[in-house]
Amino acid sequence: MTGEEINREFLLHKDAAYRYAVSILHDPVSAQDATQDLYERLWRRRLFIRAKGFRSLMMTAMRNICIDQLRSSSRHQVEPIEEQGVDLSEADEIQELALKAKQIIATLPLREREVLHLRDCQQMEFSEIVEIVGISEAAARMACSRARQKVKDELVKIMNYGL
Amino acid sequence: MDYKELTRRYLNAETSLKEEALLSEANPSKAQVEQRAIAAMIYQAKMQRQERVEVKIHEPRRGRQMAVALAASVVVLLGIFHFAKPQTIYGYYNGEPVTSLAQAEQMTEQMFGNMLLAENGADDILDELFYLNH
């Protein structure tokens with residue numbers, strides 16, 4: 001790909017890659033750095049990259065960068081995600097629950113979290129998810145199902161018992 | 001649409017993206033606790049899709065391309081100048097221009113040789129005339 005092509009394709013998918021990084025790293029600043037790092041890597045290798053399957057390549061590369069960061073960082077533990085700028089007193093119940101859901105998702109195992117993110121946030125087909133995560137479609141569906149079930153159960157508990 | 005069946009399949013990761021889009025349009029009542037939980041999950045994903053990031057992008061190296069194009073132009077111009085350069089005419093021989101330096105030199109030598117011969121010939125004639133006068 002030429003410099004212009006890589007810029008055009010990257011700008012199309014950068015936000016998706018960033019959100020994927022946030023879902024793995026739980027830190028918007030680290031995710032932003034990871035996105036910039038991803039771009040630099042892609043730019044350096046642009047002559048060897050083809051336009052076909054660029055999104056999958058980008059997401060896989062982003063995953064690798066994030067996993068490397070998690071491994072090298074001493075702070076492996078998940079930090080609670082702050083509720084950013086939402087006035088809960090005025091918010092609709094679904095919005096409140098959505099914030100809770102975000103916190104619950106942050107506590108899920110990495111595999112479940114990233115499959116859930118790629119499916120629900122990125123709206124990817126399972127065939128594409130398996131390319132990025134490197135597991136079978138059955139395993140991806142299983143991870144997604146487990147994640148959805150866990151988040152739903154926690155939200156139901158909150159609604160029923162106010163936990 | 002059987003909403004309950006759809007939520008069951010959603011939780012089992014059996015729904016298609018189209019069916020999941022249908023689920024996002026539903027507005028379950030307060031009594032439908034499980035459905036409301038799923039609606040919240042879908043809403044959370046929707047909110048996350050709005051997150052954006054700024055990345056510093058490299059400018060493609062137009063300067064380098066221009067330099068290559070300029071160098072190529074110079075080479076082409078030099079070629080044109082070399083091959084289309086007007087030939088030097090050193091003189092004319094029988095009305096035809098002489099463009100070869102070697103040929104011009106040879107002809108010049110020949111011309112001066114002829115002149116010398118002619119000059120010597122004239123001297124001889126003068127000598128002869130002088131001798132006759134004596």
# chains A, B, ... in the order shown; residues from 1 in each chain; ligands from 1
>>> interface_residues(of="chain B", to="chain A", cutoff="6 Å", atoms="only C-alpha atoms", output="PyMOL selection string")
chain B and resi 11-13+37+40-41+44-45+49+52-53+55+60
>>> write_last_selection(atoms="N, CA and C atoms", output="short mmCIF file (atom, residue, chain, number, x, y, z; two decimals), in the first residue's frame")
data_model
loop_
_atom_site.label_atom_id
_atom_site.label_comp_id
_atom_site.auth_asym_id
_atom_site.auth_seq_id
_atom_site.Cartn_x
_atom_site.Cartn_y
_atom_site.Cartn_z
N LEU B 11 -28.43 -14.55 24.17
CA LEU B 11 -27.58 -14.98 25.29
C LEU B 11 -26.76 -16.22 24.94
N ASN B 12 -27.25 -17.03 24.01
CA ASN B 12 -26.50 -18.21 23.57
C ASN B 12 -25.57 -17.90 22.40
N ALA B 13 -25.48 -16.65 22.02
CA ALA B 13 -24.65 -16.21 20.88
C ALA B 13 -25.06 -16.91 19.59
N ALA B 37 -32.06 -5.95 31.08
CA ALA B 37 -30.60 -6.15 31.24
C ALA B 37 -29.92 -6.23 29.87
N ALA B 40 -29.77 -2.90 28.25
CA ALA B 40 -28.67 -2.10 28.82
C ALA B 40 -27.33 -2.51 28.22
N MET B 41 -27.15 -3.82 28.02
CA MET B 41 -25.89 -4.30 27.41
C MET B 41 -25.74 -3.76 25.99
N GLN B 44 -24.99 -0.07 26.10
CA GLN B 44 -23.59 0.14 26.48
C GLN B 44 -22.67 -0.02 25.26
N ALA B 45 -22.96 -1.04 24.46
CA ALA B 45 -22.15 -1.26 23.24
C ALA B 45 -22.32 -0.10 22.27
N ARG B 49 -19.49 2.59 20.82
CA ARG B 49 -19.21 2.80 19.40
C ARG B 49 -18.99 4.27 19.07
N ARG B 52 -14.10 8.09 20.07
CA ARG B 52 -13.21 8.44 18.97
C ARG B 52 -11.80 8.70 19.50
N VAL B 53 -10.83 8.63 18.61
CA VAL B 53 -9.44 8.89 18.99
C VAL B 53 -8.76 9.74 17.92
N VAL B 55 -5.19 10.57 16.07
CA VAL B 55 -3.89 9.96 15.81
C VAL B 55 -3.11 10.88 14.86
N PRO B 60 2.29 11.62 3.29
CA PRO B 60 3.03 10.86 2.27
C PRO B 60 4.13 11.75 1.67
#
>>> residues_around(residues="region 47-56 of chain A", least_positions_apart="3", cutoff="8 Å", atoms="only C-alpha atoms", output="MDAnalysis selection string")
chainID A and resid 1:2 9 13 42 44 59:60 128 131:132
>>> write_last_selection(atoms="N, CA and C atoms", output="compact mmCIF listing (two decimals), in the first residue's frame")
# COMPACT_ATOMS: atom_id res chain seq x y z
N MET A 1 0.84 -1.19 0.00
CA MET A 1 0.00 0.00 0.00
C MET A 1 0.88 1.24 0.00
N THR A 2 0.41 2.28 -0.64
CA THR A 2 1.14 3.55 -0.62
C THR A 2 0.84 4.29 0.69
N GLU A 9 -7.11 4.07 4.77
CA GLU A 9 -7.66 2.86 5.41
C GLU A 9 -7.56 2.96 6.93
N HIS A 13 -10.64 2.92 10.14
CA HIS A 13 -10.77 1.90 11.18
C HIS A 13 -10.13 2.26 12.52
N LEU A 42 2.23 0.07 11.24
CA LEU A 42 1.63 -0.14 9.92
C LEU A 42 2.32 0.74 8.87
N ARG A 44 5.41 1.84 8.85
CA ARG A 44 6.74 1.33 8.52
C ARG A 44 6.67 0.13 7.59
N MET A 59 -6.84 -5.03 13.47
CA MET A 59 -7.35 -5.44 14.78
C MET A 59 -6.43 -6.49 15.41
N THR A 60 -5.91 -7.40 14.58
CA THR A 60 -4.99 -8.42 15.10
C THR A 60 -3.73 -7.75 15.63
N GLU A 128 -15.01 -13.32 11.30
CA GLU A 128 -13.96 -12.30 11.36
C GLU A 128 -13.31 -12.27 12.74
N GLU A 131 -10.57 -14.84 13.23
CA GLU A 131 -9.30 -14.46 12.58
C GLU A 131 -8.47 -13.58 13.50
N ILE A 132 -9.13 -12.71 14.21
CA ILE A 132 -8.41 -11.75 15.06
C ILE A 132 -7.95 -12.41 16.36
>>> atom_distance(atom1="CA of Ala34 (chain A)", atom2="CA of Leu17 (chain B)")
28.3 Å
>>> atom_distance(atom1="CA of Ile135 (chain A)", atom2="CA of Ile65 (chain A)")
18.0 Å
>>> atom_distance(atom1="CA of Glu20 (chain B)", atom2="CA of Thr7 (chain B)")
9.1 Å
>>> residues_around(residues="Met107 (chain B)", least_positions_apart="3", cutoff="12 Å", atoms="only C-alpha atoms", output="ChimeraX atom specification")
/B:90-94,98-104,110-114
>>> write_last_selection(atoms="N, CA and C atoms", output="PDB file, in the first residue's frame")
ATOM      1  N   TYR B  90      32.370  23.572 -39.973  1.00  0.00           N
ATOM      2  CA  TYR B  90      33.735  24.110 -39.979  1.00  0.00           C
ATOM      3  C   TYR B  90      34.052  24.817 -41.294  1.00  0.00           C
ATOM      4  N   GLY B  91      33.298  24.527 -42.290  1.00  0.00           N
ATOM      5  CA  GLY B  91      33.533  25.183 -43.580  1.00  0.00           C
ATOM      6  C   GLY B  91      32.721  24.495 -44.670  1.00  0.00           C
ATOM      7  N   TYR B  92      33.001  24.862 -45.912  1.00  0.00           N
ATOM      8  CA  TYR B  92      32.237  24.267 -47.017  1.00  0.00           C
ATOM      9  C   TYR B  92      33.218  23.733 -48.050  1.00  0.00           C
ATOM     10  N   TYR B  93      32.879  22.581 -48.577  1.00  0.00           N
ATOM     11  CA  TYR B  93      33.712  21.978 -49.605  1.00  0.00           C
ATOM     12  C   TYR B  93      32.797  21.670 -50.797  1.00  0.00           C
ATOM     13  N   ASN B  94      33.070  22.295 -51.904  1.00  0.00           N
ATOM     14  CA  ASN B  94      32.203  22.160 -53.084  1.00  0.00           C
ATOM     15  C   ASN B  94      30.742  22.485 -52.755  1.00  0.00           C
ATOM     16  N   VAL B  98      31.098  21.101 -44.098  1.00  0.00           N
ATOM     17  CA  VAL B  98      31.991  20.110 -43.475  1.00  0.00           C
ATOM     18  C   VAL B  98      31.742  20.170 -41.969  1.00  0.00           C
ATOM     19  N   THR B  99      31.200  19.066 -41.378  1.00  0.00           N
ATOM     20  CA  THR B  99      30.833  19.059 -39.956  1.00  0.00           C
ATOM     21  C   THR B  99      31.807  18.233 -39.126  1.00  0.00           C
ATOM     22  N   SER B 100      32.682  17.486 -39.756  1.00  0.00           N
ATOM     23  CA  SER B 100      33.647  16.672 -39.017  1.00  0.00           C
ATOM     24  C   SER B 100      34.934  17.471 -38.826  1.00  0.00           C
ATOM     25  N   LEU B 101      35.398  17.538 -37.597  1.00  0.00           N
ATOM     26  CA  LEU B 101      36.596  18.316 -37.287  1.00  0.00           C
ATOM     27  C   LEU B 101      37.819  17.702 -37.985  1.00  0.00           C
ATOM     28  N   ALA B 102      37.900  16.377 -37.975  1.00  0.00           N
ATOM     29  CA  ALA B 102      39.044  15.696 -38.589  1.00  0.00           C
ATOM     30  C   ALA B 102      39.097  15.988 -40.092  1.00  0.00           C
ATOM     31  N   GLN B 103      37.895  15.950 -40.706  1.00  0.00           N
ATOM     32  CA  GLN B 103      37.835  16.209 -42.145  1.00  0.00           C
ATOM     33  C   GLN B 103      38.229  17.670 -42.439  1.00  0.00           C
ATOM     34  N   ALA B 104      37.747  18.552 -41.542  1.00  0.00           N
ATOM     35  CA  ALA B 104      38.054  19.977 -41.724  1.00  0.00           C
ATOM     36  C   ALA B 104      39.553  20.217 -41.611  1.00  0.00           C
ATOM     37  N   GLN B 110      45.390  20.342 -46.612  1.00  0.00           N
ATOM     38  CA  GLN B 110      45.461  20.180 -48.067  1.00  0.00           C
ATOM     39  C   GLN B 110      45.445  21.555 -48.762  1.00  0.00           C
ATOM     40  N   MET B 111      44.573  22.447 -48.221  1.00  0.00           N
ATOM     41  CA  MET B 111      44.420  23.770 -48.814  1.00  0.00           C
ATOM     42  C   MET B 111      45.728  24.573 -48.696  1.00  0.00           C
ATOM     43  N   PHE B 112      46.315  24.506 -47.445  1.00  0.00           N
ATOM     44  CA  PHE B 112      47.570  25.255 -47.276  1.00  0.00           C
ATOM     45  C   PHE B 112      48.692  24.649 -48.131  1.00  0.00           C
ATOM     46  N   GLY B 113      48.669  23.327 -48.268  1.00  0.00           N
ATOM     47  CA  GLY B 113      49.645  22.631 -49.114  1.00  0.00           C
ATOM     48  C   GLY B 113      49.538  23.116 -50.558  1.00  0.00           C
ATOM     49  N   ASN B 114      48.303  23.227 -51.024  1.00  0.00           N
ATOM     50  CA  ASN B 114      48.083  23.689 -52.399  1.00  0.00           C
ATOM     51  C   ASN B 114      48.577  25.130 -52.578  1.00  0.00           C
TER      52      ASN B 114
END
>>> select_by_dssp(residues="chain B", states="strand (DSSP E or B)", output="MDAnalysis selection string")
chainID B and resid 91:93 96:98
>>> decode(residues="region 119-159 of chain A", atoms="N, CA and C atoms", output="short mmCIF file (atom, residue, chain, number, x, y, z; two decimals), in the first residue's frame")
data_model
loop_
_atom_site.label_atom_id
_atom_site.label_comp_id
_atom_site.auth_asym_id
_atom_site.auth_seq_id
_atom_site.Cartn_x
_atom_site.Cartn_y
_atom_site.Cartn_z
N ARG A 119 -17.93 -8.48 18.98
CA ARG A 119 -19.26 -8.80 18.48
C ARG A 119 -20.25 -7.65 18.73
N ASP A 120 -20.33 -7.20 19.96
CA ASP A 120 -21.38 -6.22 20.29
C ASP A 120 -21.01 -4.78 19.93
N CYS A 121 -19.77 -4.43 20.16
CA CYS A 121 -19.37 -3.04 19.86
C CYS A 121 -18.94 -2.89 18.41
N GLN A 122 -18.10 -3.78 17.94
CA GLN A 122 -17.60 -3.66 16.56
C GLN A 122 -18.56 -4.29 15.56
N GLN A 123 -19.51 -5.03 16.04
CA GLN A 123 -20.52 -5.69 15.20
C GLN A 123 -19.88 -6.53 14.09
N MET A 124 -18.93 -7.34 14.50
CA MET A 124 -18.24 -8.21 13.55
C MET A 124 -18.89 -9.57 13.49
N GLU A 125 -18.78 -10.20 12.33
CA GLU A 125 -19.24 -11.58 12.20
C GLU A 125 -18.27 -12.49 12.97
N PHE A 126 -18.75 -13.64 13.42
CA PHE A 126 -17.87 -14.54 14.16
C PHE A 126 -16.70 -15.02 13.29
N SER A 127 -16.96 -15.13 11.98
CA SER A 127 -15.88 -15.57 11.08
C SER A 127 -14.71 -14.59 11.11
N GLU A 128 -15.01 -13.32 11.30
CA GLU A 128 -13.96 -12.30 11.36
C GLU A 128 -13.31 -12.27 12.74
N ILE A 129 -14.12 -12.50 13.76
CA ILE A 129 -13.61 -12.49 15.14
C ILE A 129 -12.57 -13.60 15.33
N VAL A 130 -12.85 -14.77 14.77
CA VAL A 130 -11.92 -15.89 14.96
C VAL A 130 -10.56 -15.60 14.32
N GLU A 131 -10.57 -14.84 13.23
CA GLU A 131 -9.30 -14.46 12.58
C GLU A 131 -8.47 -13.58 13.50
N ILE A 132 -9.13 -12.71 14.21
CA ILE A 132 -8.41 -11.75 15.06
C ILE A 132 -7.95 -12.41 16.36
N VAL A 133 -8.85 -13.14 16.99
CA VAL A 133 -8.56 -13.70 18.32
C VAL A 133 -7.78 -15.02 18.21
N GLY A 134 -7.93 -15.70 17.07
CA GLY A 134 -7.19 -16.94 16.88
C GLY A 134 -7.76 -18.13 17.61
N ILE A 135 -9.09 -18.22 17.63
CA ILE A 135 -9.75 -19.39 18.22
C ILE A 135 -10.80 -19.89 17.23
N SER A 136 -11.40 -21.04 17.53
CA SER A 136 -12.42 -21.58 16.62
C SER A 136 -13.73 -20.80 16.78
N GLU A 137 -14.60 -20.95 15.80
CA GLU A 137 -15.87 -20.23 15.87
C GLU A 137 -16.71 -20.71 17.05
N ALA A 138 -16.65 -22.01 17.30
CA ALA A 138 -17.42 -22.57 18.43
C ALA A 138 -16.94 -21.97 19.75
N ALA A 139 -15.60 -21.86 19.86
CA ALA A 139 -15.02 -21.29 21.09
C ALA A 139 -15.39 -19.81 21.22
N ALA A 140 -15.41 -19.12 20.09
CA ALA A 140 -15.77 -17.69 20.12
C ALA A 140 -17.22 -17.52 20.54
N ARG A 141 -18.10 -18.34 19.99
CA ARG A 141 -19.53 -18.27 20.36
C ARG A 141 -19.70 -18.61 21.84
N MET A 142 -18.96 -19.59 22.29
CA MET A 142 -19.04 -20.00 23.70
C MET A 142 -18.60 -18.85 24.61
N ALA A 143 -17.46 -18.22 24.26
CA ALA A 143 -16.95 -17.11 25.07
C ALA A 143 -17.95 -15.95 25.08
N CYS A 144 -18.53 -15.68 23.93
CA CYS A 144 -19.51 -14.58 23.82
C CYS A 144 -20.75 -14.89 24.66
N SER A 145 -21.20 -16.14 24.56
CA SER A 145 -22.39 -16.55 25.31
C SER A 145 -22.15 -16.44 26.82
N ARG A 146 -20.99 -16.92 27.25
CA ARG A 146 -20.66 -16.86 28.68
C ARG A 146 -20.63 -15.41 29.16
N ALA A 147 -19.99 -14.59 28.36
CA ALA A 147 -19.86 -13.18 28.74
C ALA A 147 -21.24 -12.53 28.85
N ARG A 148 -22.07 -12.73 27.86
CA ARG A 148 -23.41 -12.12 27.87
C ARG A 148 -24.22 -12.62 29.07
N GLN A 149 -24.11 -13.92 29.31
CA GLN A 149 -24.86 -14.51 30.41
C GLN A 149 -24.41 -13.91 31.75
N LYS A 150 -23.10 -13.79 31.92
CA LYS A 150 -22.57 -13.25 33.19
C LYS A 150 -23.02 -11.80 33.40
N VAL A 151 -22.91 -11.01 32.36
CA VAL A 151 -23.27 -9.59 32.49
C VAL A 151 -24.77 -9.48 32.77
N LYS A 152 -25.55 -10.26 32.06
CA LYS A 152 -27.01 -10.24 32.26
C LYS A 152 -27.36 -10.63 33.70
N ASP A 153 -26.73 -11.71 34.20
CA ASP A 153 -27.02 -12.17 35.57
C ASP A 153 -26.70 -11.09 36.60
N GLU A 154 -25.55 -10.43 36.39
CA GLU A 154 -25.16 -9.38 37.34
C GLU A 154 -26.14 -8.21 37.29
N LEU A 155 -26.56 -7.85 36.09
CA LEU A 155 -27.51 -6.75 35.96
C LEU A 155 -28.87 -7.10 36.57
N VAL A 156 -29.29 -8.33 36.39
CA VAL A 156 -30.56 -8.78 36.98
C VAL A 156 -30.48 -8.70 38.50
N LYS A 157 -29.31 -9.11 39.04
CA LYS A 157 -29.11 -9.03 40.49
C LYS A 157 -29.25 -7.58 40.96
N ILE A 158 -28.62 -6.69 40.23
CA ILE A 158 -28.68 -5.26 40.59
C ILE A 158 -30.13 -4.77 40.55
N MET A 159 -30.85 -5.16 39.52
CA MET A 159 -32.24 -4.70 39.39
C MET A 159 -33.13 -5.29 40.47
#
